[in-house]
Amino acid sequence: MRRAIALAAHGLGHTSPNPVVGCVILDAEGRTAGEGWHRRAGGPHAEIHALAEAGERARGGTALVTLEPCNHSGRTGPCAQALIDAGVARVVYAVPDPNPTATGGAATLAAAGIDVESGLLADEAAAGNEAWLTSVRLRRPFVLWKYAATLDGRIAAADGTSRWISSAESRADVHRLRAQADAVVVGSGTARADDPQLGARVTGLTDDEVTQPLRVVVDSGASAVKPGARVLDGTAPTLIAVAEDADAAHLEGLAPLVRLPRAATGRGLRITALLHELYARDVRSVLLEGGPTLAGAFLAAGAVDKVVAYLAPVLLGAGPAAVGDAGITTLTDALRLDVTEIVPFGPDLRITATPVRHTPHEEI
């Protein structure tokens, strides 16, 4: 199963709106006969790849799958039936499929006389599929907020300069995060200050091997994105989110626009509406790279599922902080985090943490 989890990770960034799934087929003697993973949405699922490699050796064998085999026909046939047809005697899966249109594979397998077991390395498998599982449960994209800061929490100096606070190693890791996300989101402040390109460039992979994320600029007043902006360079799709009442005539033809309601505070856009719109566009994972204002809005909306902070051994003493107003006025309302990983990247530390609880303040 641990091998199946590793195989599933190969699909990160390529399978949305589907999950990442890995599968290992053992023959009747317990020897590996076939392996596979879900490579892209619309293509064969992990079980199909593994069964094709195993051939007749799958008969009487065991299939280990990171997610309960699907039980429906979409762009591909049901994997549960494929396992039955291949003569597999036992199926072990890690995580039940929460998708109501695909669940039921375990029952179908059991009804066909196949020995079915669930829960093996479930936590590890779920962690590898956290974005998709979260999106199914919440009906919105999984949001990972990434930022780079000094040890005293500054994301730029007092004069606005910020290149580069983090190391080359950290910046390369951010490109990996972009390549795994369906969308990268920034706000108008970042668009004005940095003119970011927001594409993904992964060392060791060609452009054809990297699926570019949707580049989203939250520009409520329709004033930050100008002709010639790097986010309009055509290397990846772009979406500009503006307020319903904004004058955005000058943006027509530059990139697709979506009009959204303003936040209840009157500043910025309603984050829940933005996430619902992205979900409707098959976005299941978001990498939030915006500045402190947008980060605060996402936190206030209870819409941050994971935080990745790159902390550089630098002190500035002044300059903008990593996060702005998040609707938290007292320490008892602070959003507490569980640190799950600390990894050095060059001279920096990458700290990964997940919220202990959400404290949404924005009206949904």
# chains A, B, ... in the order shown; residues from 1 in each chain; ligands from 1
call {"tool": "residues_around", "arguments": {"residues": "A:Val116", "least_positions_apart": "6", "cutoff": "6 Å", "atoms": "only C-alpha atoms", "output": "PDB file with C-alpha atoms, in the first residue's frame"}}
result
ATOM      1  CA  ARG A  90      -8.876  -9.782  -2.774  1.00  0.00           C
ATOM      2  CA  VAL A  91      -9.024  -5.997  -2.782  1.00  0.00           C
ATOM      3  CA  VAL A  92      -7.474  -3.833  -0.066  1.00  0.00           C
TER       4      VAL A  92
END
call {"tool": "closest_atom_pairs", "arguments": {"of": "stretch 304-350 of chain A", "to": "stretch 145-157 of chain A", "cutoff": "7 Å", "atoms": "only C-alpha atoms", "output": "JSON lines"}}
result
{"residue": "A:Val304", "atom": "CA", "partner": "A:Trp145", "partner_atom": "CA", "distance": 6.5}
{"residue": "A:Lys306", "atom": "CA", "partner": "A:Trp145", "partner_atom": "CA", "distance": 6.3}
{"residue": "A:Val307", "atom": "CA", "partner": "A:Trp145", "partner_atom": "CA", "distance": 4.9}
{"residue": "A:Val308", "atom": "CA", "partner": "A:Lys146", "partner_atom": "CA", "distance": 4.8}
{"residue": "A:Ala309", "atom": "CA", "partner": "A:Tyr147", "partner_atom": "CA", "distance": 5.1}
{"residue": "A:Tyr310", "atom": "CA", "partner": "A:Ala148", "partner_atom": "CA", "distance": 4.5}
{"residue": "A:Leu311", "atom": "CA", "partner": "A:Ala149", "partner_atom": "CA", "distance": 5.2}
{"residue": "A:Ala312", "atom": "CA", "partner": "A:Thr150", "partner_atom": "CA", "distance": 4.9}
{"residue": "A:Pro313", "atom": "CA", "partner": "A:Leu151", "partner_atom": "CA", "distance": 5.9}
{"residue": "A:Val314", "atom": "CA", "partner": "A:Thr150", "partner_atom": "CA", "distance": 5.0}
{"residue": "A:Leu315", "atom": "CA", "partner": "A:Thr150", "partner_atom": "CA", "distance": 5.8}
{"residue": "A:Leu316", "atom": "CA", "partner": "A:Ala157", "partner_atom": "CA", "distance": 6.4}
{"residue": "A:Gly317", "atom": "CA", "partner": "A:Asp152", "partner_atom": "CA", "distance": 6.9}
{"residue": "A:Ala318", "atom": "CA", "partner": "A:Ala157", "partner_atom": "CA", "distance": 6.3}
{"residue": "A:Gly319", "atom": "CA", "partner": "A:Ala157", "partner_atom": "CA", "distance": 4.6}
{"residue": "A:Pro320", "atom": "CA", "partner": "A:Arg154", "partner_atom": "CA", "distance": 5.6}
{"residue": "A:Ala321", "atom": "CA", "partner": "A:Arg154", "partner_atom": "CA", "distance": 4.7}
{"residue": "A:Ala322", "atom": "CA", "partner": "A:Ile155", "partner_atom": "CA", "distance": 5.6}
call {"tool": "select_by_dssp", "arguments": {"residues": "stretch 13-242 of chain A", "states": "strand (DSSP E or B)", "output": "MDAnalysis selection string"}}
result
chainID A and resid 22:26 32:37 62:67 90:95 115:118 142:150 154 183:187 214:218 238:242
call {"tool": "select_by_dssp", "arguments": {"residues": "stretch 117-343 of chain A", "states": "alpha helix (DSSP H)", "output": "ChimeraX atom specification"}}
result
/A:122-128,130-138,168-180,188-194,271-280,292-300
call {"tool": "residues_around", "arguments": {"residues": "A:Cys70", "least_positions_apart": "5", "cutoff": "7 Å", "atoms": "only C-alpha atoms", "output": "number ranges by chain"}}
result
A: 78-80, 102-103, 105
call {"tool": "residues_around", "arguments": {"residues": "A:Thr235", "least_positions_apart": "3", "cutoff": "12 Å", "atoms": "only C-alpha atoms", "output": "PyMOL selection string"}}
result
chain A and resi 197-201+207-208+210-215+230-232+238
call {"tool": "closest_residue", "arguments": {"among": "A:Glu341, A:Ala4, A:Val20, A:His14", "to": "A:Ala50", "atoms": "only C-alpha atoms"}}
result
A:Ala4
call {"tool": "residues_around", "arguments": {"residues": "A:Ala63", "least_positions_apart": "6", "cutoff": "12 Å", "atoms": "only C-alpha atoms", "output": "ChimeraX atom specification"}}
result
/A:1,4,22-28,30-36,46-51,54,57,69,79-80,82-84,86-94,109,114-118
call {"tool": "write_last_selection", "arguments": {"atoms": "N, CA and C atoms", "output": "CSV table (one decimal), in the first residue's frame"}}
result
chain,number,residue,atom,x,y,z
A,1,MET,N,0.8,-1.2,0.0
A,1,MET,CA,0.0,0.0,0.0
A,1,MET,C,0.9,1.3,0.0
A,4,ALA,N,1.7,2.0,-3.4
A,4,ALA,CA,0.6,2.5,-4.1
A,4,ALA,C,0.4,4.0,-3.8
A,22,GLY,N,-3.3,5.4,-6.6
A,22,GLY,CA,-2.3,4.5,-7.0
A,22,GLY,C,-2.8,3.1,-6.8
A,23,CYS,N,-2.2,2.1,-7.5
A,23,CYS,CA,-2.7,0.7,-7.4
A,23,CYS,C,-1.5,-0.2,-7.6
A,24,VAL,N,-1.4,-1.3,-6.8
A,24,VAL,CA,-0.5,-2.3,-7.0
A,24,VAL,C,-1.2,-3.7,-7.0
A,25,ILE,N,-0.9,-4.5,-8.0
A,25,ILE,CA,-1.5,-5.8,-8.2
A,25,ILE,C,-0.5,-6.9,-7.8
A,26,LEU,N,-0.9,-7.7,-6.8
A,26,LEU,CA,0.0,-8.9,-6.5
A,26,LEU,C,-0.6,-10.1,-7.1
A,27,ASP,N,0.2,-11.0,-7.5
A,27,ASP,CA,-0.3,-12.3,-8.1
A,27,ASP,C,-0.7,-13.2,-6.9
A,28,ALA,N,-1.1,-14.4,-7.2
A,28,ALA,CA,-1.6,-15.3,-6.2
A,28,ALA,C,-0.5,-15.7,-5.2
A,30,GLY,N,1.7,-13.5,-4.1
A,30,GLY,CA,2.1,-12.3,-3.4
A,30,GLY,C,3.2,-11.5,-4.0
A,31,ARG,N,3.5,-11.8,-5.2
A,31,ARG,CA,4.6,-11.1,-5.9
A,31,ARG,C,3.9,-10.0,-6.8
A,32,THR,N,4.6,-8.8,-6.9
A,32,THR,CA,4.1,-7.7,-7.7
A,32,THR,C,4.0,-8.1,-9.1
A,33,ALA,N,2.7,-7.9,-9.6
A,33,ALA,CA,2.5,-8.3,-11.0
A,33,ALA,C,2.2,-7.0,-11.9
A,34,GLY,N,1.7,-6.0,-11.2
A,34,GLY,CA,1.4,-4.8,-12.0
A,34,GLY,C,1.2,-3.5,-11.1
A,35,GLU,N,1.6,-2.4,-11.7
A,35,GLU,CA,1.4,-1.1,-10.9
A,35,GLU,C,0.8,-0.1,-11.9
A,36,GLY,N,0.2,0.9,-11.2
A,36,GLY,CA,-0.4,2.0,-12.0
A,36,GLY,C,-0.8,3.1,-11.2
A,46,ALA,N,-6.2,4.2,-12.0
A,46,ALA,CA,-5.0,3.5,-11.6
A,46,ALA,C,-5.1,2.0,-11.7
A,47,GLU,N,-6.3,1.4,-11.4
A,47,GLU,CA,-6.6,0.0,-11.4
A,47,GLU,C,-6.4,-0.5,-12.8
A,48,ILE,N,-6.9,0.2,-13.8
A,48,ILE,CA,-6.8,-0.2,-15.2
A,48,ILE,C,-5.4,-0.3,-15.7
A,49,HIS,N,-4.6,0.7,-15.3
A,49,HIS,CA,-3.2,0.6,-15.7
A,49,HIS,C,-2.5,-0.6,-15.0
A,50,ALA,N,-2.8,-0.8,-13.7
A,50,ALA,CA,-2.1,-1.9,-13.0
A,50,ALA,C,-2.6,-3.3,-13.6
A,51,LEU,N,-3.9,-3.4,-13.9
A,51,LEU,CA,-4.4,-4.7,-14.4
A,51,LEU,C,-3.8,-4.9,-15.8
A,54,ALA,N,-0.4,-6.3,-15.2
A,54,ALA,CA,-0.5,-7.6,-14.6
A,54,ALA,C,-0.9,-8.7,-15.5
A,57,ARG,N,-1.8,-12.6,-14.6
A,57,ARG,CA,-1.2,-12.8,-13.3
A,57,ARG,C,-2.1,-12.2,-12.2
A,69,PRO,N,-12.2,1.5,-5.1
A,69,PRO,CA,-12.5,1.4,-6.5
A,69,PRO,C,-13.8,2.0,-6.9
A,79,CYS,N,-14.1,0.8,-12.1
A,79,CYS,CA,-13.0,0.0,-11.8
A,79,CYS,C,-13.3,-1.3,-11.0
A,80,ALA,N,-14.4,-1.2,-10.2
A,80,ALA,CA,-14.8,-2.4,-9.4
A,80,ALA,C,-15.1,-3.5,-10.4
A,82,ALA,N,-14.0,-3.9,-13.4
A,82,ALA,CA,-12.7,-4.3,-14.1
A,82,ALA,C,-12.0,-5.3,-13.2
A,83,LEU,N,-12.0,-5.1,-11.9
A,83,LEU,CA,-11.3,-6.0,-11.0
A,83,LEU,C,-12.0,-7.3,-10.9
A,84,ILE,N,-13.3,-7.3,-10.9
A,84,ILE,CA,-14.1,-8.5,-10.9
A,84,ILE,C,-13.8,-9.3,-12.2
A,86,ALA,N,-11.2,-9.3,-14.0
A,86,ALA,CA,-9.8,-9.8,-14.1
A,86,ALA,C,-9.6,-11.0,-13.2
A,87,GLY,N,-10.6,-11.3,-12.3
A,87,GLY,CA,-10.5,-12.5,-11.5
A,87,GLY,C,-9.7,-12.2,-10.2
A,88,VAL,N,-9.6,-11.0,-9.8
A,88,VAL,CA,-8.9,-10.7,-8.5
A,88,VAL,C,-9.6,-11.3,-7.4
A,89,ALA,N,-8.9,-11.9,-6.4
A,89,ALA,CA,-9.5,-12.6,-5.3
A,89,ALA,C,-9.7,-11.7,-4.1
A,90,ARG,N,-8.9,-10.6,-4.0
A,90,ARG,CA,-8.9,-9.8,-2.8
A,90,ARG,C,-8.6,-8.3,-3.2
A,91,VAL,N,-9.3,-7.4,-2.6
A,91,VAL,CA,-9.0,-6.0,-2.8
A,91,VAL,C,-8.9,-5.3,-1.4
A,92,VAL,N,-7.8,-4.6,-1.3
A,92,VAL,CA,-7.5,-3.8,-0.1
A,92,VAL,C,-7.4,-2.4,-0.5
A,93,TYR,N,-8.2,-1.5,0.1
A,93,TYR,CA,-8.1,-0.1,-0.2
A,93,TYR,C,-7.9,0.7,1.0
A,94,ALA,N,-7.4,1.9,0.9
A,94,ALA,CA,-7.0,2.7,2.1
A,94,ALA,C,-8.2,3.6,2.5
A,109,LEU,N,-17.8,-5.3,-5.2
A,109,LEU,CA,-16.8,-6.3,-5.1
A,109,LEU,C,-17.2,-7.4,-4.2
A,114,ILE,N,-15.6,-11.3,-3.8
A,114,ILE,CA,-14.2,-10.8,-3.6
A,114,ILE,C,-14.0,-10.4,-2.1
A,115,ASP,N,-12.9,-10.8,-1.5
A,115,ASP,CA,-12.6,-10.4,-0.1
A,115,ASP,C,-12.1,-9.0,-0.1
A,116,VAL,N,-12.8,-8.1,0.6
A,116,VAL,CA,-12.5,-6.7,0.6
A,116,VAL,C,-12.1,-6.2,2.0
A,117,GLU,N,-11.1,-5.4,2.0
A,117,GLU,CA,-10.6,-4.9,3.3
A,117,GLU,C,-10.3,-3.4,3.1
A,118,SER,N,-10.7,-2.6,4.1
A,118,SER,CA,-10.4,-1.1,4.0
A,118,SER,C,-9.7,-0.6,5.2
call {"tool": "closest_atom_pairs", "arguments": {"of": "stretch 215-270 of chain A", "to": "stretch 171-189 of chain A", "cutoff": "10 Å", "atoms": "only C-alpha atoms", "output": "CSV"}}
result
residue,atom,partner,partner_atom,distance
A:Arg215,CA,A:Val184,CA,5.1
A:Val216,CA,A:Val185,CA,4.7
A:Val217,CA,A:Val186,CA,5.1
A:Val218,CA,A:Gly187,CA,4.6
A:Asp219,CA,A:Ser188,CA,4.9
A:Ser220,CA,A:Ser188,CA,7.7
A:Gly221,CA,A:Ser188,CA,8.6
A:Ala222,CA,A:Ser188,CA,8.5
A:Ser223,CA,A:Ser188,CA,7.8
A:Ala224,CA,A:Ser188,CA,5.3
A:Val225,CA,A:Ser188,CA,7.7
A:Pro237,CA,A:Ala183,CA,9.4
A:Thr238,CA,A:Ala183,CA,9.3
A:Leu239,CA,A:Val185,CA,9.5
A:Ile240,CA,A:Val185,CA,9.8
A:Ala241,CA,A:Gly187,CA,9.4
A:Gly268,CA,A:Gly187,CA,9.2
call {"tool": "write_last_selection", "arguments": {"atoms": "all heavy atoms", "output": "short mmCIF file (atom, residue, chain, number, x, y, z; two decimals), in the first residue's frame"}}
result
data_model
loop_
_atom_site.label_atom_id
_atom_site.label_comp_id
_atom_site.auth_asym_id
_atom_site.auth_seq_id
_atom_site.Cartn_x
_atom_site.Cartn_y
_atom_site.Cartn_z
N ARG A 215 -4.26 30.99 -13.55
CA ARG A 215 -3.75 32.16 -12.84
C ARG A 215 -4.93 33.09 -12.58
O ARG A 215 -5.58 33.56 -13.52
CB ARG A 215 -2.66 32.85 -13.66
CG ARG A 215 -1.49 31.93 -13.96
CD ARG A 215 -0.46 32.59 -14.85
NE ARG A 215 -0.95 32.86 -16.19
CZ ARG A 215 -0.21 33.34 -17.21
NH1 ARG A 215 1.07 33.59 -16.99
NH2 ARG A 215 -0.73 33.54 -18.39
N VAL A 216 -5.20 33.36 -11.29
CA VAL A 216 -6.36 34.15 -10.90
C VAL A 216 -5.89 35.42 -10.21
O VAL A 216 -5.14 35.36 -9.23
CB VAL A 216 -7.28 33.35 -9.96
CG1 VAL A 216 -8.51 34.17 -9.60
CG2 VAL A 216 -7.69 32.02 -10.60
N VAL A 217 -6.34 36.56 -10.72
CA VAL A 217 -6.06 37.84 -10.09
C VAL A 217 -7.36 38.38 -9.52
O VAL A 217 -8.34 38.58 -10.25
CB VAL A 217 -5.46 38.85 -11.08
CG1 VAL A 217 -5.18 40.18 -10.37
CG2 VAL A 217 -4.19 38.31 -11.70
N VAL A 218 -7.39 38.59 -8.21
CA VAL A 218 -8.55 39.17 -7.55
C VAL A 218 -8.37 40.69 -7.58
O VAL A 218 -7.63 41.26 -6.80
CB VAL A 218 -8.68 38.66 -6.10
CG1 VAL A 218 -9.90 39.26 -5.42
CG2 VAL A 218 -8.77 37.13 -6.09
N ASP A 219 -9.05 41.32 -8.53
CA ASP A 219 -8.88 42.74 -8.80
C ASP A 219 -10.24 43.41 -8.73
O ASP A 219 -10.87 43.72 -9.74
CB ASP A 219 -8.26 42.90 -10.20
CG ASP A 219 -7.90 44.33 -10.55
OD1 ASP A 219 -7.94 45.19 -9.65
OD2 ASP A 219 -7.58 44.59 -11.72
N SER A 220 -10.73 43.60 -7.51
CA SER A 220 -12.11 44.03 -7.32
C SER A 220 -12.43 45.32 -8.05
O SER A 220 -13.52 45.47 -8.61
CB SER A 220 -12.42 44.16 -5.82
OG SER A 220 -11.53 45.07 -5.21
N GLY A 221 -11.51 46.27 -8.07
CA GLY A 221 -11.76 47.54 -8.73
C GLY A 221 -11.38 47.57 -10.19
O GLY A 221 -11.49 48.61 -10.85
N ALA A 222 -10.90 46.43 -10.72
CA ALA A 222 -10.50 46.33 -12.13
C ALA A 222 -9.46 47.38 -12.50
O ALA A 222 -9.52 47.99 -13.57
CB ALA A 222 -11.73 46.43 -13.04
N SER A 223 -8.49 47.58 -11.59
CA SER A 223 -7.50 48.62 -11.82
C SER A 223 -6.06 48.14 -11.80
O SER A 223 -5.15 48.92 -12.12
CB SER A 223 -7.66 49.72 -10.75
OG SER A 223 -7.45 49.18 -9.45
N ALA A 224 -5.84 46.87 -11.43
CA ALA A 224 -4.46 46.40 -11.23
C ALA A 224 -3.86 45.76 -12.46
O ALA A 224 -2.66 45.86 -12.71
CB ALA A 224 -4.41 45.42 -10.06
N VAL A 225 -4.67 45.05 -13.24
CA VAL A 225 -4.15 44.34 -14.40
C VAL A 225 -4.18 45.26 -15.62
O VAL A 225 -5.24 45.77 -16.00
CB VAL A 225 -4.97 43.06 -14.69
CG1 VAL A 225 -4.40 42.34 -15.90
CG2 VAL A 225 -4.96 42.15 -13.47
N PRO A 237 -3.48 29.65 -18.58
CA PRO A 237 -4.77 30.34 -18.57
C PRO A 237 -4.85 31.35 -17.43
O PRO A 237 -4.21 31.18 -16.39
CB PRO A 237 -5.78 29.21 -18.40
CG PRO A 237 -5.01 28.11 -17.74
CD PRO A 237 -3.62 28.21 -18.28
N THR A 238 -5.63 32.41 -17.64
CA THR A 238 -5.75 33.48 -16.66
C THR A 238 -7.22 33.83 -16.47
O THR A 238 -8.00 33.80 -17.43
CB THR A 238 -4.98 34.74 -17.12
OG1 THR A 238 -3.59 34.40 -17.24
CG2 THR A 238 -5.12 35.88 -16.12
N LEU A 239 -7.60 34.17 -15.25
CA LEU A 239 -8.95 34.62 -14.92
C LEU A 239 -8.82 35.86 -14.04
O LEU A 239 -8.06 35.86 -13.07
CB LEU A 239 -9.72 33.52 -14.18
CG LEU A 239 -11.15 33.85 -13.75
CD1 LEU A 239 -12.06 33.95 -14.97
CD2 LEU A 239 -11.68 32.78 -12.79
N ILE A 240 -9.57 36.91 -14.38
CA ILE A 240 -9.56 38.12 -13.57
C ILE A 240 -10.91 38.24 -12.89
O ILE A 240 -11.95 38.25 -13.55
CB ILE A 240 -9.28 39.37 -14.43
CG1 ILE A 240 -7.97 39.20 -15.20
CG2 ILE A 240 -9.23 40.62 -13.55
CD1 ILE A 240 -7.68 40.33 -16.17
N ALA A 241 -10.90 38.31 -11.56
CA ALA A 241 -12.12 38.43 -10.77
C ALA A 241 -12.31 39.88 -10.38
O ALA A 241 -11.44 40.47 -9.72
CB ALA A 241 -12.06 37.53 -9.54
N GLY A 268 -12.86 44.53 -1.13
CA GLY A 268 -12.52 43.26 -1.75
C GLY A 268 -13.76 42.48 -2.15
O GLY A 268 -14.90 42.97 -2.08
#
call {"tool": "closest_residue", "arguments": {"among": "A:Arg192, A:Arg140, A:Arg59, A:Arg350", "to": "A:Gly302", "atoms": "only C-alpha atoms"}}
result
A:Arg140
call {"tool": "atom_distance", "arguments": {"atom1": "atom CA of A:Thr354", "atom2": "atom CA of A:Asp338"}}
result
5.3 Å
